[in-house]
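Asks: Structure supplied as entry.txt; contents: compact mmCIF, C-alpha atoms.
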# COMPACT_ATOMS: atom_id res chain seq x y z
CA MET A 1 -65.65 55.43 26.85
CA SER A 2 -63.21 56.38 29.52
CA ASN A 3 -59.96 58.19 28.80
CA PRO A 4 -57.24 55.68 27.75
CA PHE A 5 -54.67 57.69 29.70
CA ALA A 6 -56.73 57.22 32.88
CA ILE A 7 -56.81 53.47 32.23
CA TRP A 8 -53.01 53.45 31.79
CA VAL A 9 -52.53 55.45 35.01
CA TYR A 10 -54.62 52.87 36.84
CA LEU A 11 -52.93 49.83 35.26
CA SER A 12 -49.34 51.06 35.59
CA ALA A 13 -49.91 51.58 39.32
CA SER A 14 -51.46 48.13 39.85
CA PRO A 15 -49.45 44.96 40.58
CA LEU A 16 -51.62 43.04 38.08
CA LEU A 17 -50.10 44.66 34.98
CA TRP A 18 -46.47 44.10 36.02
CA LEU A 19 -47.02 40.55 37.27
CA THR A 20 -48.79 39.61 34.02
CA LEU A 21 -46.09 41.26 31.88
CA THR A 22 -43.32 39.47 33.80
CA LEU A 23 -44.95 36.10 33.06
CA VAL A 24 -45.76 36.91 29.42
CA VAL A 25 -42.24 38.24 28.74
CA TRP A 26 -40.80 35.05 30.29
CA LEU A 27 -43.06 32.83 28.16
CA PHE A 28 -41.93 34.70 25.06
CA ALA A 29 -38.23 34.42 26.04
CA ASP A 30 -38.68 30.73 26.85
CA PHE A 31 -40.38 30.25 23.47
CA LEU A 32 -37.35 31.82 21.76
CA ALA A 33 -35.01 29.55 23.77
CA ARG A 34 -37.00 26.46 22.74
CA ALA A 35 -37.12 27.62 19.11
CA ALA A 36 -33.31 27.95 19.25
CA ASN A 37 -33.17 24.35 20.50
CA ARG A 38 -32.02 25.54 23.97
CA ASN A 39 -28.90 27.10 22.48
CA PRO A 40 -27.09 28.51 25.56
CA LEU A 41 -26.62 31.89 23.86
CA VAL A 42 -30.41 32.33 23.77
CA ASN A 43 -30.68 32.60 27.56
CA PRO A 44 -34.30 33.21 28.62
CA VAL A 45 -33.28 34.96 31.87
CA LEU A 46 -31.13 37.49 30.00
CA ILE A 47 -33.79 38.06 27.29
CA SER A 48 -36.54 38.56 29.88
CA ILE A 49 -34.46 41.02 31.92
CA ALA A 50 -33.56 43.01 28.79
CA LEU A 51 -37.16 43.12 27.48
CA MET A 52 -38.71 43.93 30.85
CA GLY A 53 -36.05 46.57 31.56
CA GLY A 54 -36.75 48.06 28.13
CA ILE A 55 -40.49 48.17 28.81
CA LEU A 56 -39.87 50.00 32.10
CA VAL A 57 -37.64 52.57 30.35
CA VAL A 58 -40.13 53.14 27.50
CA THR A 59 -43.14 53.47 29.80
CA ASP A 60 -41.14 55.49 32.34
CA ALA A 61 -42.44 53.21 35.10
CA PRO A 62 -40.49 53.26 38.39
CA TYR A 63 -38.91 49.97 39.50
CA GLN A 64 -40.74 50.13 42.86
CA LYS A 65 -44.10 50.02 41.02
CA TYR A 66 -42.87 47.14 38.84
CA PHE A 67 -41.67 45.17 41.84
CA GLU A 68 -45.04 45.51 43.62
CA GLY A 69 -46.34 43.14 40.93
CA ALA A 70 -43.17 41.11 40.25
CA GLN A 71 -42.57 40.41 43.95
CA PHE A 72 -44.99 37.47 43.77
CA VAL A 73 -42.63 35.79 41.30
CA HIS A 74 -39.53 36.86 43.27
CA PHE A 75 -41.04 35.38 46.44
CA LEU A 76 -41.09 31.89 44.90
CA LEU A 77 -37.26 31.76 44.95
CA GLY A 78 -37.43 30.56 48.57
CA PRO A 79 -39.86 27.64 48.07
CA ALA A 80 -38.11 26.75 44.77
CA THR A 81 -34.81 26.41 46.64
CA VAL A 82 -36.48 24.13 49.21
CA ALA A 83 -37.96 22.15 46.29
CA ILE A 84 -34.45 21.06 45.20
CA ALA A 85 -34.88 18.50 48.04
CA VAL A 86 -37.03 16.46 45.62
CA PRO A 87 -34.38 15.75 42.93
CA LEU A 88 -31.84 15.47 45.77
CA VAL A 89 -33.83 12.62 47.34
CA ARG A 90 -34.32 10.97 43.95
CA HIS A 91 -30.59 11.05 43.16
CA ARG A 92 -29.39 10.51 46.75
CA ALA A 93 -27.34 7.42 45.88
CA LEU A 94 -25.38 9.36 43.24
CA VAL A 95 -24.94 12.27 45.67
CA MET A 96 -23.65 9.99 48.46
CA ALA A 97 -21.24 8.32 46.01
CA ASN A 98 -19.76 11.73 45.12
CA LEU A 99 -19.23 13.29 48.57
CA LEU A 100 -15.43 13.42 48.34
CA PRO A 101 -15.29 14.86 44.78
CA MET A 102 -17.84 17.48 45.86
CA ALA A 103 -15.86 18.45 48.98
CA ALA A 104 -12.61 18.82 47.02
CA ALA A 105 -14.25 20.69 44.13
CA LEU A 106 -16.02 22.99 46.60
CA ILE A 107 -12.80 24.04 48.35
CA ALA A 108 -10.83 24.50 45.10
CA GLY A 109 -13.68 26.18 43.22
CA ALA A 110 -14.68 28.57 46.00
CA ILE A 111 -11.09 29.79 46.45
CA VAL A 112 -10.52 30.18 42.68
CA ALA A 113 -13.84 32.03 42.26
CA CYS A 114 -12.89 34.70 44.83
CA VAL A 115 -9.13 34.95 44.28
CA SER A 116 -9.14 34.99 40.46
CA ALA A 117 -11.82 37.70 40.25
CA VAL A 118 -10.03 39.90 42.79
CA ALA A 119 -6.62 39.32 41.17
CA ILE A 120 -7.81 40.23 37.66
CA ALA A 121 -9.64 43.39 38.80
CA ALA A 122 -6.66 44.40 40.98
CA ALA A 123 -4.36 44.03 37.96
CA PHE A 124 -6.58 46.56 36.19
CA GLY A 125 -6.14 48.94 39.12
CA ALA A 126 -9.57 48.62 40.74
CA PRO A 127 -9.65 50.06 44.29
CA ARG A 128 -10.25 48.01 47.43
CA GLN A 129 -13.94 48.93 47.73
CA VAL A 130 -14.59 47.55 44.22
CA LEU A 131 -12.55 44.40 44.97
CA VAL A 132 -14.57 43.72 48.13
CA SER A 133 -17.81 44.18 46.16
CA LEU A 134 -16.53 41.74 43.52
CA ALA A 135 -15.10 38.93 45.68
CA PRO A 136 -18.42 37.17 46.58
CA LYS A 137 -19.83 37.41 43.00
CA SER A 138 -20.35 33.63 42.59
CA VAL A 139 -22.92 33.17 45.37
CA THR A 140 -26.62 34.03 45.75
CA ALA A 141 -27.31 37.76 45.89
CA GLY A 142 -28.53 37.67 49.50
CA ILE A 143 -25.30 36.21 50.89
CA ALA A 144 -23.02 38.12 48.50
CA MET A 145 -24.54 41.49 49.41
CA ALA A 146 -24.25 40.78 53.14
CA VAL A 147 -20.58 39.70 52.80
CA SER A 148 -19.79 42.77 50.68
CA GLU A 149 -21.52 45.18 53.07
CA ASN A 150 -19.80 43.72 56.17
CA LEU A 151 -16.35 44.28 54.63
CA GLY A 152 -16.99 47.81 53.32
CA GLY A 153 -18.11 47.00 49.76
CA VAL A 154 -21.04 48.47 47.81
CA PRO A 155 -24.02 46.05 47.99
CA ALA A 156 -25.69 47.51 44.86
CA LEU A 157 -22.48 46.93 42.85
CA THR A 158 -22.27 43.39 44.28
CA ALA A 159 -25.86 42.71 43.12
CA VAL A 160 -25.00 43.78 39.56
CA LEU A 161 -21.86 41.58 39.56
CA VAL A 162 -23.74 38.58 41.02
CA ILE A 163 -26.50 38.66 38.40
CA THR A 164 -23.98 39.20 35.58
CA THR A 165 -21.87 36.27 36.81
CA GLY A 166 -24.99 34.09 36.93
CA ILE A 167 -25.90 34.85 33.33
CA LEU A 168 -22.27 34.51 32.13
CA GLY A 169 -21.92 31.06 33.70
CA ALA A 170 -25.30 29.92 32.35
CA VAL A 171 -24.34 31.01 28.82
CA VAL A 172 -20.74 29.71 28.89
CA VAL A 173 -21.07 26.36 30.70
CA THR A 174 -22.54 24.18 27.93
CA PRO A 175 -20.13 25.16 25.10
CA LEU A 176 -17.17 25.13 27.52
CA MET A 177 -17.92 21.66 28.94
CA ASN A 178 -18.65 20.29 25.46
CA ALA A 179 -15.33 21.71 24.18
CA LEU A 180 -13.54 20.02 27.11
CA ARG A 181 -15.45 16.80 26.26
CA ILE A 182 -16.76 16.44 29.81
CA LYS A 183 -19.80 14.16 29.86
CA ASP A 184 -20.23 13.69 33.61
CA PHE A 185 -23.39 15.71 34.34
CA ALA A 186 -22.84 15.58 38.09
CA ALA A 187 -19.45 17.32 37.65
CA ARG A 188 -20.77 19.79 35.05
CA GLY A 189 -23.73 20.73 37.25
CA PHE A 190 -21.61 21.09 40.37
CA ALA A 191 -19.25 23.46 38.52
CA VAL A 192 -21.99 25.75 37.20
CA GLY A 193 -23.87 25.87 40.53
CA LEU A 194 -20.64 26.79 42.31
CA ALA A 195 -19.58 29.43 39.76
CA SER A 196 -22.99 30.89 38.92
CA HIS A 197 -25.41 30.22 41.83
CA GLY A 198 -29.15 30.04 41.04
CA ILE A 199 -29.05 31.31 37.46
CA GLY A 200 -26.45 28.64 36.63
CA THR A 201 -28.61 26.10 38.49
CA ALA A 202 -31.65 27.12 36.41
CA ARG A 203 -29.65 26.44 33.23
CA ALA A 204 -28.45 23.09 34.66
CA PHE A 205 -32.04 21.95 35.33
CA VAL A 206 -32.92 22.76 31.70
CA VAL A 207 -30.02 20.59 30.44
CA ASP A 208 -30.23 17.59 32.79
CA GLU A 209 -31.89 16.80 36.12
CA VAL A 210 -28.73 15.27 37.64
CA ALA A 211 -26.80 18.41 36.62
CA GLY A 212 -29.51 20.55 38.23
CA THR A 213 -29.39 18.58 41.47
CA PHE A 214 -25.60 18.89 41.78
CA ALA A 215 -25.79 22.57 40.81
CA GLY A 216 -28.27 23.15 43.64
CA ILE A 217 -25.98 21.42 46.14
CA ALA A 218 -22.95 23.42 44.93
CA MET A 219 -24.91 26.67 45.17
CA GLY A 220 -25.84 25.98 48.79
CA LEU A 221 -22.34 24.85 49.81
CA ASN A 222 -20.56 27.72 48.07
CA GLY A 223 -22.76 30.27 49.84
CA LEU A 224 -21.27 28.99 53.07
CA ALA A 225 -17.68 28.57 51.75
CA THR A 226 -17.53 32.03 50.18
CA SER A 227 -18.83 33.78 53.29
CA LEU A 228 -15.88 32.20 55.16
CA ILE A 229 -13.21 32.73 52.45
CA VAL A 230 -13.83 36.36 51.45
CA PRO A 231 -13.14 37.88 54.92
CA LEU A 232 -9.84 35.89 55.09
CA LEU A 233 -8.85 36.94 51.56
CA MET A 234 -9.59 40.60 52.24
CA ARG A 235 -7.38 40.55 55.35
CA TRP A 236 -4.39 39.93 53.05
CA MET A 237 -5.33 42.60 50.51
CA MET B 1 -50.71 21.63 45.16
CA ILE B 2 -51.68 23.68 48.21
CA ARG B 3 -50.48 20.92 50.54
CA ALA B 4 -47.14 20.77 48.73
CA LEU B 5 -46.78 24.57 48.80
CA ALA B 6 -47.58 24.62 52.51
CA LEU B 7 -44.92 21.96 53.10
CA LEU B 8 -42.30 23.89 51.08
CA LEU B 9 -43.14 27.15 52.88
CA ALA B 10 -43.13 25.46 56.31
CA CYS B 11 -39.64 24.08 55.61
CA GLN B 12 -38.45 27.51 54.46
CA LEU B 13 -39.96 29.15 57.53
CA THR B 14 -38.26 26.66 59.85
CA GLY B 15 -35.02 27.20 57.93
CA GLU B 16 -35.23 31.00 58.20
CA THR B 17 -35.97 30.71 61.92
CA LEU B 18 -33.01 28.37 62.51
CA ALA B 19 -30.64 30.51 60.38
CA ARG B 20 -31.49 33.57 62.47
CA ALA B 21 -31.46 31.75 65.80
CA LEU B 22 -28.02 30.24 65.10
CA GLY B 23 -26.61 33.27 63.23
CA ALA B 24 -25.51 30.84 60.50
CA PRO B 25 -24.28 32.28 57.17
CA ILE B 26 -26.54 29.79 55.33
CA PRO B 27 -29.77 31.08 53.75
CA GLY B 28 -32.99 29.85 55.38
CA PRO B 29 -34.24 28.13 52.19
CA VAL B 30 -31.03 26.03 52.00
CA ILE B 31 -31.60 24.81 55.58
CA GLY B 32 -35.23 24.21 54.56
CA LEU B 33 -33.99 22.10 51.62
CA ALA B 34 -31.96 19.89 53.98
CA LEU B 35 -34.91 19.59 56.41
CA LEU B 36 -37.29 18.58 53.62
CA ALA B 37 -34.87 15.99 52.22
CA ILE B 38 -34.39 14.45 55.69
CA GLY B 39 -38.15 14.61 56.32
CA VAL B 40 -38.98 12.87 53.03
CA LEU B 41 -36.49 10.06 53.75
CA ILE B 42 -37.83 9.56 57.31
CA HIS B 43 -41.40 9.57 55.99
CA ALA B 44 -40.46 6.96 53.38
CA ARG B 45 -38.76 4.78 56.03
CA VAL B 46 -41.85 4.94 58.30
CA THR B 47 -44.49 4.37 55.60
CA GLY B 48 -42.40 1.98 53.51
CA ALA B 49 -42.84 4.19 50.41
CA ASP B 50 -40.16 4.24 47.73
CA PRO B 51 -38.50 7.70 47.88
CA SER B 52 -37.25 7.22 44.31
CA LYS B 53 -40.87 7.57 43.12
CA ILE B 54 -41.13 11.00 44.74
CA GLU B 55 -41.71 12.79 41.41
CA SER B 56 -45.17 11.26 41.02
CA THR B 57 -46.33 12.62 44.39
CA GLU B 58 -48.06 15.97 44.89
CA LEU B 59 -44.81 17.36 46.33
CA GLY B 60 -42.84 15.99 43.38
CA ARG B 61 -45.11 17.59 40.79
CA THR B 62 -45.10 20.98 42.55
CA ALA B 63 -41.31 20.88 42.90
CA GLY B 64 -41.00 19.93 39.23
CA ALA B 65 -43.16 22.88 38.19
CA LEU B 66 -41.10 25.34 40.28
CA LEU B 67 -37.71 23.98 39.17
CA GLY B 68 -38.79 23.74 35.53
CA SER B 69 -39.18 27.54 35.42
CA LEU B 70 -36.46 28.45 37.91
CA GLY B 71 -35.04 31.09 35.56
CA LEU B 72 -38.27 33.11 35.66
CA LEU B 73 -37.85 33.65 39.38
CA PHE B 74 -34.62 35.64 38.82
CA VAL B 75 -36.23 38.11 36.42
CA PRO B 76 -37.64 40.62 38.97
CA ALA B 77 -34.28 40.99 40.76
CA GLY B 78 -32.45 41.07 37.42
CA VAL B 79 -34.60 43.94 36.16
CA GLY B 80 -33.68 45.90 39.30
CA VAL B 81 -30.02 45.23 38.64
CA VAL B 82 -30.22 46.67 35.10
CA GLN B 83 -31.29 49.97 36.64
CA GLN B 84 -28.25 49.87 38.95
CA LEU B 85 -25.79 49.41 36.06
CA PRO B 86 -24.32 52.95 36.44
CA VAL B 87 -22.74 51.88 39.79
CA VAL B 88 -20.23 49.91 37.70
CA GLY B 89 -18.79 53.33 36.87
CA ALA B 90 -15.19 53.80 35.81
CA TYR B 91 -14.20 50.17 36.42
CA GLY B 92 -16.48 48.60 33.80
CA ALA B 93 -13.62 47.12 31.76
CA ALA B 94 -11.76 45.78 34.81
CA LEU B 95 -14.96 44.19 36.17
CA ALA B 96 -15.93 42.69 32.80
CA ALA B 97 -12.48 41.10 32.47
CA ALA B 98 -12.64 39.83 36.07
CA LEU B 99 -16.13 38.31 35.65
CA VAL B 100 -15.40 36.56 32.36
CA GLY B 101 -11.94 35.35 33.38
CA SER B 102 -12.98 34.23 36.84
CA THR B 103 -16.20 32.49 35.73
CA VAL B 104 -14.44 30.44 33.04
CA LEU B 105 -11.50 29.60 35.35
CA THR B 106 -13.85 28.62 38.21
CA LEU B 107 -15.87 26.31 35.94
CA ILE B 108 -12.71 24.61 34.64
CA VAL B 109 -11.00 24.18 38.04
CA THR B 110 -14.18 22.95 39.74
CA VAL B 111 -15.06 20.38 37.09
CA TYR B 112 -11.52 18.99 36.84
CA VAL B 113 -11.00 18.74 40.63
CA PHE B 114 -14.38 16.96 40.86
CA LEU B 115 -13.43 14.46 38.13
CA PHE B 116 -9.86 13.98 39.44
CA VAL B 117 -11.00 13.13 42.98
CA LYS B 118 -13.79 10.95 41.62
CA ARG B 119 -11.26 8.94 39.63
CA LEU B 120 -8.96 8.63 42.68
CA THR B 121 -11.75 7.44 44.98
CA SER B 122 -13.26 5.00 42.50
CA LYS B 123 -9.80 3.47 41.96
CA ALA B 124 -9.36 3.16 45.73
CA ASP B 125 -12.72 1.34 45.93
CA ALA B 126 -11.73 -1.18 43.28
CA PRO B 127 -10.41 -4.52 44.59
Please express the file's structure as structure tokens.
Replies:
Amino acid sequence: MSNPFAIWVYLSASPLLWLTLTLVVWLFADFLARAANRNPLVNPVLISIALMGGILVVTDAPYQKYFEGAQFVHFLLGPATVAIAVPLVRHRALVMANLLPMAAALIAGAIVACVSAVAIAAAFGAPRQVLVSLAPKSVTAGIAMAVSENLGGVPALTAVLVITTGILGAVVVTPLMNALRIKDFAARGFAVGLASHGIGTARAFVVDEVAGTFAGIAMGLNGLATSLIVPLLMRWM
Amino acid sequence: MIRALALLLACQLTGETLARALGAPIPGPVIGLALLAIGVLIHARVTGADPSKIESTELGRTAGALLGSLGLLFVPAGVGVVQQLPVVGAYGAALAAALVGSTVLTLIVTVYVFLFVKRLTSKADAP
């Protein structure tokens, strides 16, 4: 029998192990979420990230090695975004009927998302570089990091803030909207997609397909709106 | 499934190419989303198919599978972010307050503006 350590050295360097673990950890987290009746506090994205991060720390595996396997999952973000066209086509009548509410909510929401975050952090005395890194936190990591870098922010800090905002919105949206007694799933979805990009959209698709569709639209539109608003906002700071 | 994947990837590829060619601050996949939606509607118009039944097509099933596990796709990037947590540094409390406060405020403002304008426009439509 060959040395178990040699087997581990082989496996931990191969994409197969990390890809398989990513899927198994997700299935486990998703099982917990189902068992909790999709309670928003039991967020499968957060659980998976915590478990997988813990496994990497315990096994002392470098993130680069992990990503060589996990990149196949990460890659699917692009085609999954394109796939939102399918529910969009199915619910096109509802989307067309809500163009004005979406336009107004986009402008108001995008401005509040940037300005309120910057104002709160500034009140706590955060320096300009941190404020720039924070301002685009509600949009997809790719856009947010580019906006932050162009204006002198720290892209790595922006990535942390983007992912945290995504999870926060996904956890908070259902209890918040229920407490406000808002039953319009188009409006609820649009709000969470605008505030919490793809991770909020993932939660919206779990709750309701109409909510997911509007979340996807809001995510796309806010990427554009925020990349226009943040440079203007930072000129005044 | 392979045909549907090829279609999704082709739309993304066209989107990425357009985004770069035009220097637009829109991600390629979002342009790909718009192209696919337009393409599906044109295809339905030409063939006389009902676009509302799209979920029972090969494309519809593949899209449903991807969107049903959308959260999974954020795990690899999220794990990388956990390792970057020390960059939060001395401003952890300020940033935590900003994220919580801003996320809740953004959700509330967005949902109420949406509903307010919806009510205004539906009243305007009424005879």
Asks: Nearest to chain B: which of A:Ala29, A:Val147, A:Ala85, A:Val24 is it, counting all atoms listed in the file?
Replies: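 Closest candidate: A:Ala85.
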Asks: Considering only C-alpha atoms, return as a ChimeraX atom specification whatever protein or nucleic-acid residues lie within 12 Å of Met1 (chain B), sequence-local ones (same chain, fewer than 2 positions apart) excluded.
Replies: /B:3-8,57-66
Asks: If you count all atoms listed in the file, which residues fall within 12 Å of Tyr112 (chain B), apart from same-chain ones fewer than 6 positions away, as a list in words?
Replies: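 Residues meeting the cut-off are Pro101, Met102, Ala104, Ala105, Leu106, Ala108, Gly109, Met177, Leu180, Arg181, Ile182, Lys183, Asp184, Ala186, Ala187, Arg188, Phe190 and Ala191 of chain A; Leu105, Thr106, Lys118 and Arg119 of chain B.
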Asks: Could you please determine the separation between CA of Lys53 (chain B) and CA of Phe74 (chain B) in Å, to one decimal place?
Replies: 29.1 Å
Asks: Between B:Ala96, B:Ile38, B:Leu70, B:Leu22, which has the minimum distance to chain A (counting all atoms listed in the file)?
Replies: B:Leu70
Asks: Identify which of the residues A:Phe31, A:Trp8, A:Phe205, A:Trp236 lies closest to chain B, counting all atoms listed in the file when measuring atom-to-atom distances.
Replies: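 For chain B, the nearest of the candidates is A:Phe205.
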Asks: If you count all atoms listed in the file, which residues fall within 9 Å of Asn43 (chain A), apart from same-chain ones fewer than 5 positions away, as a list in words?
Replies: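 Selected residues are Ala29, Asp30, Leu32, Ala33, Arg38, Ser48, Ile167, Ala170, Val171 and Arg203 of chain A.
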Asks: Between CA of Pro76 (chain B) and CA of Lys65 (chain A), what is the distance in Å, rounded to a tenth?
Replies: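 So the two atoms, CA of Pro76 (chain B) and CA of Lys65 (chain A), lie 11.6 Å apart.
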Asks: Report the distance between CA of Leu46 (chain A) and CA of Asn178 (chain A) in Å, rounded to one decimal place.
Replies: 21.7 Å
Asks: Just want the 10 Å neighbourhood of Ala113 (chain A), counted on all atoms listed in the file, with same-chain residues fewer than 3 positions away dropped. Output as a VMD selection string.
Replies: (chain A and resid 108 to 110 116 to 118 135 to 139 194 to 196 222 226) or (chain B and resid 99 101 to 107 109 to 110)
